[in-house]
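Raw target_10.txt, compact mmCIF, C-alpha atoms:
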```txt
# COMPACT_ATOMS: atom_id res chain seq x y z
CA MET A 1 90.48 97.92 60.43
CA THR A 2 89.26 100.98 62.31
CA ARG A 3 85.56 100.32 61.72
CA CYS A 4 83.38 97.22 61.86
CA ARG A 5 83.17 95.41 58.52
CA ALA A 6 79.39 95.13 58.92
CA CYS A 7 77.89 98.02 60.88
CA GLY A 8 80.67 100.61 60.69
CA HIS A 9 81.00 101.01 64.46
CA GLU A 10 84.34 102.51 65.48
CA HIS A 11 84.88 100.51 68.67
CA LEU A 12 86.64 97.21 67.92
CA GLU A 13 88.26 95.09 70.64
CA ARG A 14 91.08 92.62 69.99
CA VAL A 15 90.05 89.14 71.19
CA LEU A 16 92.64 86.86 69.53
CA ASP A 17 96.14 87.61 68.25
CA LEU A 18 98.15 84.86 66.55
CA GLY A 19 101.01 87.10 65.47
CA ALA A 20 102.65 86.76 62.06
CA VAL A 21 101.78 83.57 60.17
CA PRO A 22 102.08 82.49 56.53
CA PRO A 23 99.03 82.94 54.30
CA ALA A 24 96.80 79.90 54.66
CA ASP A 25 96.06 79.38 50.96
CA HIS A 26 99.53 79.67 49.43
CA PHE A 27 101.45 76.38 49.31
CA PRO A 28 104.98 76.88 47.89
CA PRO A 29 106.70 74.20 45.77
CA ALA A 30 108.30 71.50 47.91
CA ASP A 31 111.73 72.14 46.43
CA SER A 32 111.70 75.75 47.63
CA SER A 33 113.26 76.43 51.02
CA PRO A 34 111.49 78.41 53.73
CA SER A 35 113.50 81.45 54.76
CA ALA A 36 113.27 84.60 56.78
CA ALA A 37 112.10 86.33 53.61
CA GLU A 38 109.05 84.08 53.23
CA SER A 39 105.87 86.06 53.50
CA THR A 40 104.10 86.24 56.88
CA HIS A 41 101.13 88.36 57.81
CA GLU A 42 99.56 89.47 61.07
CA LEU A 43 96.55 87.36 61.98
CA ALA A 44 94.09 88.63 64.58
CA MET A 45 90.39 88.70 65.44
CA ASP A 46 88.47 91.77 66.60
CA MET A 47 84.96 92.05 68.01
CA CYS A 48 82.61 94.94 67.33
CA ALA A 49 81.07 96.63 70.35
CA GLY A 50 78.16 97.75 68.19
CA CYS A 51 76.80 94.62 66.48
CA GLY A 52 78.85 91.94 68.24
CA LEU A 53 80.42 90.58 65.04
CA ALA A 54 83.73 88.75 65.48
CA GLN A 55 85.85 89.58 62.46
CA LEU A 56 89.26 89.35 60.89
CA ALA A 57 91.44 92.35 61.61
CA ASP A 58 93.61 93.81 58.85
CA ASP A 59 94.35 91.38 56.02
CA ASP A 60 97.03 92.26 53.48
CA THR A 61 97.21 88.81 51.87
CA VAL A 62 96.35 88.14 48.24
CA PRO A 63 93.98 85.17 47.89
CA ASP A 64 95.52 82.24 46.07
CA GLU A 65 93.61 79.77 43.91
CA PRO A 66 92.00 77.15 46.18
CA ARG A 67 93.73 73.80 45.77
CA GLY A 68 91.60 71.70 48.10
CA ILE A 69 88.91 69.14 47.36
CA GLU A 70 85.44 69.04 48.87
CA LEU A 71 85.16 66.85 51.94
CA GLU A 72 82.68 63.99 51.96
CA ALA A 73 81.44 65.49 55.24
CA LEU A 74 80.47 68.68 53.37
CA ARG A 75 78.51 66.77 50.75
CA GLU A 76 76.69 64.87 53.50
CA GLN A 77 76.02 68.15 55.30
CA ALA A 78 74.45 69.65 52.18
CA ARG A 79 72.13 66.66 51.86
CA LYS A 80 71.04 66.88 55.50
CA ALA A 81 70.48 70.62 55.28
CA VAL A 82 68.30 70.45 52.18
CA GLU A 83 66.28 67.63 53.71
CA ALA A 84 65.77 69.64 56.92
CA VAL A 85 64.50 72.70 55.03
CA GLU A 86 62.25 70.52 52.85
CA LYS A 87 60.81 68.76 55.89
CA SER A 88 60.01 72.13 57.49
CA GLY A 89 57.87 73.05 54.49
CA ARG A 90 59.98 76.11 53.67
CA LEU A 91 61.48 74.78 50.44
CA GLN A 92 58.67 76.17 48.30
CA GLY A 93 60.47 78.36 45.77
CA ARG A 94 61.19 77.36 42.19
CA THR A 95 64.22 79.56 41.40
CA VAL A 96 67.54 79.83 43.20
CA ILE A 97 70.64 82.01 43.28
CA GLU A 98 73.60 80.32 44.93
CA PHE A 99 76.48 82.37 46.32
CA GLY A 100 79.36 79.94 46.23
CA SER A 101 82.28 79.40 48.56
CA PRO A 102 85.94 79.53 47.45
CA HIS A 103 86.23 76.06 48.96
CA GLY A 104 83.92 74.63 46.33
CA GLY A 105 80.82 72.52 46.62
CA THR A 106 77.27 73.28 45.52
CA TRP A 107 73.73 72.46 46.56
CA LEU A 108 72.34 72.92 43.05
CA PRO A 109 72.11 69.21 42.14
CA LEU A 110 70.10 68.57 45.32
CA LEU A 111 67.79 71.48 44.53
CA LEU A 112 67.38 70.50 40.88
CA GLU A 113 66.11 67.11 42.06
CA ARG A 114 63.39 69.01 43.90
CA GLY A 115 62.35 71.18 40.97
CA VAL A 116 64.31 74.29 41.93
CA HIS A 117 66.23 75.84 39.01
CA PRO A 118 68.78 78.68 38.74
CA ALA A 119 67.14 82.06 38.31
CA SER A 120 67.59 84.00 35.09
CA PRO A 121 70.48 86.50 35.23
CA GLY A 122 69.43 89.76 36.86
CA THR A 123 66.21 88.26 38.21
CA PRO A 124 65.58 87.97 41.98
CA ALA A 125 65.11 84.40 43.14
CA SER A 126 62.60 82.78 45.45
CA LEU A 127 65.54 81.02 47.13
CA VAL A 128 68.95 82.57 47.81
CA LEU A 129 71.58 80.20 49.14
CA ASP A 130 74.92 80.87 50.79
CA CYS A 131 76.85 77.95 52.27
CA PHE A 132 80.11 79.07 53.94
CA GLY A 133 80.47 81.82 51.34
CA ILE A 134 79.60 85.15 52.95
CA MET A 135 82.39 84.91 55.53
CA HIS A 136 84.88 85.39 52.65
CA GLU A 137 83.56 88.88 51.89
CA ALA A 138 85.74 91.68 53.27
CA ASP A 139 82.84 94.14 52.96
CA GLN A 140 80.30 92.43 55.18
CA ARG A 141 77.72 95.19 54.89
CA GLY A 142 77.90 95.04 51.10
CA ALA A 143 77.70 91.24 51.12
CA PHE A 144 74.46 91.21 53.11
CA LEU A 145 72.97 93.95 50.93
CA THR A 146 73.80 91.95 47.78
CA ARG A 147 72.13 88.81 49.07
CA ALA A 148 69.06 90.72 50.23
CA ALA A 149 68.77 92.41 46.81
CA SER A 150 68.93 89.00 45.10
CA LEU A 151 65.85 87.77 46.98
CA ALA A 152 62.30 88.01 45.65
CA PRO A 153 59.90 89.81 48.04
CA ASP A 154 58.35 86.54 49.24
CA GLY A 155 61.59 84.56 48.98
CA LEU A 156 63.80 82.76 51.48
CA LEU A 157 67.49 83.25 52.25
CA LEU A 158 69.38 80.18 53.46
CA LEU A 159 72.69 81.02 55.12
CA GLN A 160 74.96 78.35 56.60
CA PHE A 161 77.94 79.15 58.83
CA HIS A 162 80.35 77.73 61.38
CA THR A 163 79.02 79.23 64.58
CA LEU A 164 81.19 81.34 66.87
CA SER A 165 79.70 79.50 69.85
CA ALA A 166 81.26 76.23 68.67
CA ILE A 167 84.57 77.92 67.90
CA VAL A 168 84.79 79.35 71.42
CA SER A 169 83.37 76.43 73.42
CA GLN A 170 85.64 73.92 71.67
CA GLY A 171 88.74 76.08 71.53
CA GLN A 172 88.83 76.12 67.71
CA TRP A 173 91.14 79.12 67.58
CA ASN A 174 92.66 78.08 64.26
CA ALA A 175 89.31 78.65 62.56
CA LEU A 176 90.75 82.16 62.32
CA ARG A 177 92.55 82.54 59.01
CA HIS A 178 93.34 85.11 56.36
CA GLY A 179 90.51 85.51 53.87
CA HIS A 180 87.84 84.52 56.43
CA TYR A 181 86.52 87.92 57.40
CA ALA A 182 83.59 87.12 59.73
CA TYR A 183 82.75 84.63 62.50
CA TYR A 184 79.05 84.73 63.25
CA SER A 185 77.03 84.18 66.36
CA LEU A 186 73.30 83.93 65.71
CA THR A 187 72.88 87.02 67.87
CA ALA A 188 75.17 89.13 65.68
CA LEU A 189 73.77 87.59 62.50
CA ARG A 190 70.22 88.55 63.46
CA ARG A 191 71.33 92.19 63.74
CA LEU A 192 73.15 92.09 60.38
CA LEU A 193 70.13 90.55 58.65
CA GLU A 194 67.71 93.05 60.17
CA ASP A 195 69.94 95.89 58.98
CA VAL A 196 69.20 94.81 55.38
CA GLY A 197 65.50 94.13 55.94
CA LEU A 198 65.61 90.38 56.63
CA HIS A 199 64.29 88.50 59.65
CA ILE A 200 65.18 85.06 60.99
CA ALA A 201 62.40 82.54 60.47
CA GLU A 202 64.19 79.37 61.61
CA ALA A 203 67.59 77.87 62.35
CA TRP A 204 68.87 74.30 62.23
CA THR A 205 72.00 72.96 63.91
CA PHE A 206 74.39 70.31 62.58
CA GLU A 207 77.52 68.62 63.91
CA LEU A 208 79.82 69.64 61.05
CA TYR A 209 82.91 71.55 62.31
CA GLY A 210 81.70 70.95 65.85
CA GLY A 211 78.72 73.26 65.35
CA THR A 212 77.20 74.51 62.09
CA VAL A 213 74.01 76.56 61.86
CA LEU A 214 71.71 76.96 58.86
CA VAL A 215 69.49 80.04 59.08
CA ALA A 216 66.34 80.76 57.07
CA ALA A 217 65.45 84.45 56.76
CA GLN A 218 62.81 86.38 54.87
CA GLN A 219 61.64 89.93 54.27
CA ASP A 220 58.26 89.75 56.03
CA PRO A 221 58.59 92.13 59.03
CA TRP A 222 56.05 90.04 60.95
CA THR A 223 58.33 87.00 60.85
CA ASN A 224 58.72 85.28 64.21
CA ALA A 225 61.77 83.14 64.84
CA GLY A 226 61.01 79.43 65.20
CA LEU A 227 61.61 77.42 68.34
CA SER A 228 65.08 76.20 67.36
CA ALA A 229 66.26 79.73 66.56
CA ARG A 230 64.88 81.06 69.84
CA ARG A 231 66.66 78.33 71.77
CA LEU A 232 69.97 79.12 70.07
CA LEU A 233 69.58 82.82 70.83
CA ALA A 234 68.76 82.02 74.46
CA ALA A 235 71.83 79.80 74.73
CA GLU A 236 74.01 82.59 73.35
CA ARG A 237 72.63 84.99 75.93
CA THR A 238 73.58 82.49 78.64
CA THR A 239 77.14 82.12 77.36
CA ASP A 240 77.43 85.86 76.62
CA ILE A 241 78.93 85.07 73.22
CA THR A 242 79.03 88.70 72.04
CA ASN A 243 81.12 89.72 75.07
CA PRO A 244 84.79 90.17 74.06
CA ALA A 245 85.87 88.57 77.35
CA THR A 246 84.08 85.36 76.36
CA VAL A 247 85.76 85.14 72.97
CA ARG A 248 89.13 86.13 74.41
CA THR A 249 89.40 82.66 75.98
CA LEU A 250 90.51 81.52 72.52
CA GLN A 251 93.88 83.15 73.17
CA ARG A 252 94.58 80.79 76.06
CA GLN A 253 93.46 77.83 73.98
CA ALA A 254 95.80 78.83 71.14
CA ASP A 255 98.78 79.06 73.47
CA ARG A 256 97.99 75.78 75.22
CA GLN A 257 97.27 73.73 72.11
CA ALA A 258 100.46 74.81 70.35
CA ASP A 259 102.54 73.94 73.42
CA GLU A 260 100.88 70.56 73.88
CA LEU A 261 101.27 69.61 70.23
CA ALA A 262 104.94 70.59 70.16
CA THR A 263 105.57 68.61 73.35
CA TRP A 264 103.83 65.50 71.99
CA LEU A 265 105.73 65.67 68.70
CA ARG A 266 109.07 65.99 70.51
CA GLU A 267 108.15 62.93 72.59
CA MET A 268 107.34 60.96 69.43
CA ALA A 269 110.65 62.03 67.87
CA ALA A 270 112.56 60.98 71.01
CA GLU A 271 110.96 57.53 70.66
CA ASN A 272 111.96 57.40 66.97
CA ARG A 273 108.34 57.21 65.90
CA CYS A 274 107.58 58.43 62.38
CA VAL A 275 104.75 60.99 62.40
CA PHE A 276 102.78 62.09 59.34
CA ALA A 277 99.98 64.61 59.29
CA TYR A 278 96.88 64.17 57.16
CA GLY A 279 95.16 67.16 55.60
CA ALA A 280 97.07 70.18 54.24
CA ALA A 281 94.16 72.33 55.38
CA SER A 282 94.17 76.07 55.89
CA ARG A 283 93.52 75.66 59.61
CA ALA A 284 96.73 73.61 59.92
CA VAL A 285 98.91 76.51 58.73
CA ALA A 286 98.51 78.63 61.87
CA LEU A 287 98.77 75.54 64.07
CA PHE A 288 102.07 74.45 62.51
CA ALA A 289 103.46 77.98 62.61
CA ARG A 290 102.47 78.61 66.22
CA ALA A 291 103.81 75.23 67.40
CA GLY A 292 107.09 75.69 65.49
CA ILE A 293 106.71 72.39 63.62
CA ASP A 294 109.24 71.34 60.99
CA ARG A 295 110.26 68.12 59.26
CA SER A 296 112.22 66.91 62.27
CA LEU A 297 108.84 66.49 63.99
CA VAL A 298 106.41 65.79 61.11
CA TYR A 299 107.88 63.86 58.18
CA ALA A 300 105.21 64.87 55.65
CA VAL A 301 101.58 65.92 55.26
CA ALA A 302 99.42 63.63 53.14
CA ASP A 303 96.53 65.17 51.24
CA GLY A 304 94.00 63.90 48.74
CA SER A 305 94.21 66.98 46.53
CA PRO A 306 96.42 66.33 43.47
CA ALA A 307 97.05 70.10 43.23
CA LYS A 308 98.76 70.15 46.63
CA ALA A 309 101.08 67.19 46.09
CA GLY A 310 104.63 68.34 45.43
CA ARG A 311 104.18 71.44 47.52
CA ARG A 312 104.98 72.16 51.16
CA MET A 313 103.23 73.55 54.19
CA PRO A 314 103.59 77.34 54.26
CA GLY A 315 106.42 78.54 56.48
CA THR A 316 107.85 75.06 57.00
CA ASP A 317 110.03 72.50 55.22
CA ILE A 318 107.34 69.83 55.55
CA PRO A 319 106.39 68.42 52.11
CA ILE A 320 102.86 67.61 51.03
CA VAL A 321 102.62 64.13 49.55
CA ASP A 322 99.95 62.05 47.87
CA LEU A 323 98.05 59.20 49.47
CA ASP A 324 100.17 56.50 47.82
CA THR A 325 103.19 57.88 49.67
CA LEU A 326 101.28 57.66 52.94
CA ARG A 327 100.43 54.01 52.24
CA HIS A 328 104.00 53.19 51.28
CA MET A 329 105.61 54.89 54.29
CA SER A 330 103.10 53.45 56.79
CA PRO A 331 103.93 55.93 59.59
CA ASP A 332 103.63 55.10 63.29
CA CYS A 333 101.29 58.03 64.00
CA ILE A 334 99.09 60.22 61.79
CA LEU A 335 98.02 63.62 63.07
CA LEU A 336 94.61 64.44 61.60
CA THR A 337 94.39 68.20 61.08
CA VAL A 338 90.69 68.15 60.11
CA PRO A 339 88.54 66.17 62.60
CA GLU A 340 85.68 65.94 60.07
CA LEU A 341 87.85 63.61 58.00
CA LEU A 342 88.08 60.90 60.67
CA SER A 343 85.25 58.68 59.43
CA GLU A 344 86.39 59.05 55.82
CA VAL A 345 90.06 58.22 56.44
CA ARG A 346 89.33 55.30 58.75
CA SER A 347 87.23 53.77 55.99
CA GLN A 348 89.84 54.54 53.33
CA PHE A 349 92.85 53.36 55.36
CA PRO A 350 91.75 50.46 57.61
CA GLN A 351 95.40 49.37 57.84
CA PHE A 352 96.11 52.46 59.96
CA ASP A 353 93.61 51.73 62.73
CA GLY A 354 95.11 52.75 66.04
CA ARG A 355 97.43 55.33 64.48
CA TRP A 356 95.12 58.36 64.13
CA PHE A 357 95.57 61.30 66.51
CA LEU A 358 93.89 64.68 66.89
CA PRO A 359 95.45 67.89 68.24
CA SER A 360 94.16 69.01 71.61
CA ASP A 361 90.83 70.76 71.98
CA SER A 362 89.39 72.71 74.89
CA ARG A 363 89.38 69.60 77.12
CA ASN A 364 92.12 67.23 76.02
CA GLY A 365 95.71 67.10 74.87
CA VAL A 366 96.77 65.28 71.71
CA ARG A 367 94.67 62.14 71.76
CA GLN A 368 94.34 58.89 69.88
CA VAL A 369 91.01 58.67 68.05
CA GLY A 370 91.24 55.51 65.97
```

Rewrite the structure of this file - the entire thing - as structure tokens.
Amino acid sequence: MTRCRACGHEHLERVLDLGAVPPADHFPPADSSPSAAESTHELAMDMCAGCGLAQLADDDTVPDEPRGIELEALREQARKAVEAVEKSGRLQGRTVIEFGSPHGGTWLPLLLERGVHPASPGTPASLVLDCFGIMHEADQRGAFLTRAASLAPDGLLLLQFHTLSAIVSQGQWNALRHGHYAYYSLTALRRLLEDVGLHIAEAWTFELYGGTVLVAAQQDPWTNAGLSARRLLAAERTTDITNPATVRTLQRQADRQADELATWLREMAAENRCVFAYGAASRAVALFARAGIDRSLVYAVADGSPAKAGRRMPGTDIPIVDLDTLRHMSPDCILLTVPELLSEVRSQFPQFDGRWFLPSDSRNGVRQVG
């Protein structure tokens, strides 16, 4: 990219470079062998000096069909978000257009319960919803224009995203992946919304992914941001989240976490402890590649998606297995690649209490979590 995906500014600064990694959504058959010829693609994040948007640099991957299943944590998040908007008194529309995410999930059943129905084709809606969808649009400017054009003049846009502030403060460098083109701070998002005639009315924060924000925006130029939104914007000014130097700390976190994970896995192997991973998630692909993990360190990755069973982690010889295999093998340690799954897996596999571990974050090395 030579111009910002959103505002077209020509000055982009590199803030995170993960080198060549396999595409995060292509899981080869388990009986195929990784080789030097296996596809890898440069993975890097740039920041725009004009609007402050953190964004995926060049992406030459071809999106594969999503094979994952929706997390229980995402369904719970949707419920909480709809309840928060309803409680605020802003859920007043009767028609909705939902821009979906490739990862699946929908808020429509929750909205139908509240008398909100899909708008007729070609008709602007009083409610436009985007939950983790817009970040998948390579043309960010076009994506915001499309959502603004779908909104009735007195309507409300609800936009939910994993905030850049959480990604940076918690060292979540592997949130960067092919096909995810934008990483929003509220500061940058406000600029992008205003560029298409929308103004932030309110924002709500949730714990999902370590920090998720739901923004409500509308066309009224006299809109004043609510208290929660103003506090978030003030916090971002304090942390200087649109400064490339702030976001560049992710590079150190990426280097450290990969080294610490590889060291821990070698220690487990030296002690003859069988290690599984749980969750063949897209964010695990860059982590495994950067740490140089193979089957000598991780025996298999268990995943609840039937479509992923019988495949392997991209760029490695590590097979993806179903949950029955995990139960049968009863490994000594299970590396949880998606922290949001912890409550769900502890309930589903009480026999594995004391065996769950998380990769390091910005404060800790690999740690036992249950």

Please determine, counting all atoms listed in the file, which residue among A:Ala262, A:Ala277, A:Ala217, A:Ala234 has the shortest atom-to-atom distance to Asp332 (chain A).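 Smallest distance to Asp332 (chain A) is found for A:Ala277.
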
Compare A:Met135, A:Cys51, A:Ala44, A:Leu192 by their minimum atom-to-atom distance to Glu10 (chain A), counting only C-alpha atoms, and give me the closest one.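 Checking each candidate against Glu10 (chain A), we get A:Cys51 as the closest.
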
So which residues touch Ala54 (chain A) within 9 Å, counting only C-alpha atoms, skipping near sequence neighbours fewer than 4 positions away, as a PyMOL selection string? chain A and resi 15+45-48+164+181-185+188+242+244+247

Put those residues in a file: C-alpha atoms, as a short mmCIF file (atom, residue, chain, number, x, y, z; two decimals), in the frame of the given file.
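Wrote part.cif, looks like this:
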```
data_model
loop_
_atom_site.label_atom_id
_atom_site.label_comp_id
_atom_site.auth_asym_id
_atom_site.auth_seq_id
_atom_site.Cartn_x
_atom_site.Cartn_y
_atom_site.Cartn_z
CA VAL A 15 90.05 89.14 71.19
CA MET A 45 90.39 88.70 65.44
CA ASP A 46 88.47 91.77 66.60
CA MET A 47 84.96 92.05 68.01
CA CYS A 48 82.61 94.94 67.33
CA LEU A 164 81.19 81.34 66.87
CA TYR A 181 86.52 87.92 57.40
CA ALA A 182 83.59 87.12 59.73
CA TYR A 183 82.75 84.63 62.50
CA TYR A 184 79.05 84.73 63.25
CA SER A 185 77.03 84.18 66.36
CA ALA A 188 75.17 89.13 65.68
CA THR A 242 79.03 88.70 72.04
CA PRO A 244 84.79 90.17 74.06
CA VAL A 247 85.76 85.14 72.97
#
```

Surrounding residues of region 295-301 of chain A excluding itself and chain neighbours under 6 positions, 6 Å, all atoms listed in the file, as a ChimeraX atom specification: /A:265,275-278,317-320

Go ahead and compute the interatomic distance for CA of Asp303 (chain A) and CA of Ala258 (chain A), in Å to one decimal.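 Taking CA of Asp303 (chain A) as the start and CA of Ala258 (chain A) as the end point, the length is 21.8 Å.
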
Shell around Leu227 (chain A) at 9 Å using all atoms listed in the file, local window under 4 positions removed, as a VMD selection string: chain A and resid 202 to 203 231 to 232

Just the selected residues (C-alpha atoms), exported as a compact mmCIF listing (two decimals), keeping the file's coordinate frame, please.
```
# COMPACT_ATOMS: atom_id res chain seq x y z
CA GLU A 202 64.19 79.37 61.61
CA ALA A 203 67.59 77.87 62.35
CA ARG A 231 66.66 78.33 71.77
CA LEU A 232 69.97 79.12 70.07
```

Give me, please, the distance in Å between CA of Ser120 (chain A) and CA of Leu108 (chain A), quoted to one decimal. 14.4 Å

Between A:His9, A:Trp204, A:Ser101, A:Asp58, single out the one closest to Ala229 (chain A), counting all atoms listed in the file. A:Trp204

Looking at A:Gly93, A:Gly142, A:Gly105, A:Pro22, which one is nearest to Ala6 (chain A), with distances taken over all atoms listed in the file?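 Among the listed residues, the smallest separation from Ala6 (chain A) belongs to A:Gly142.
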
Region 80-91 of chain A surroundings by all atoms listed in the file, 10 Å radius, close-in-sequence under 2 positions cut, as a VMD selection string: chain A and resid 74 to 78 93 to 94 107 110 to 111 114 116 126 to 127 155 to 156 158 160 201 to 206 213 to 216
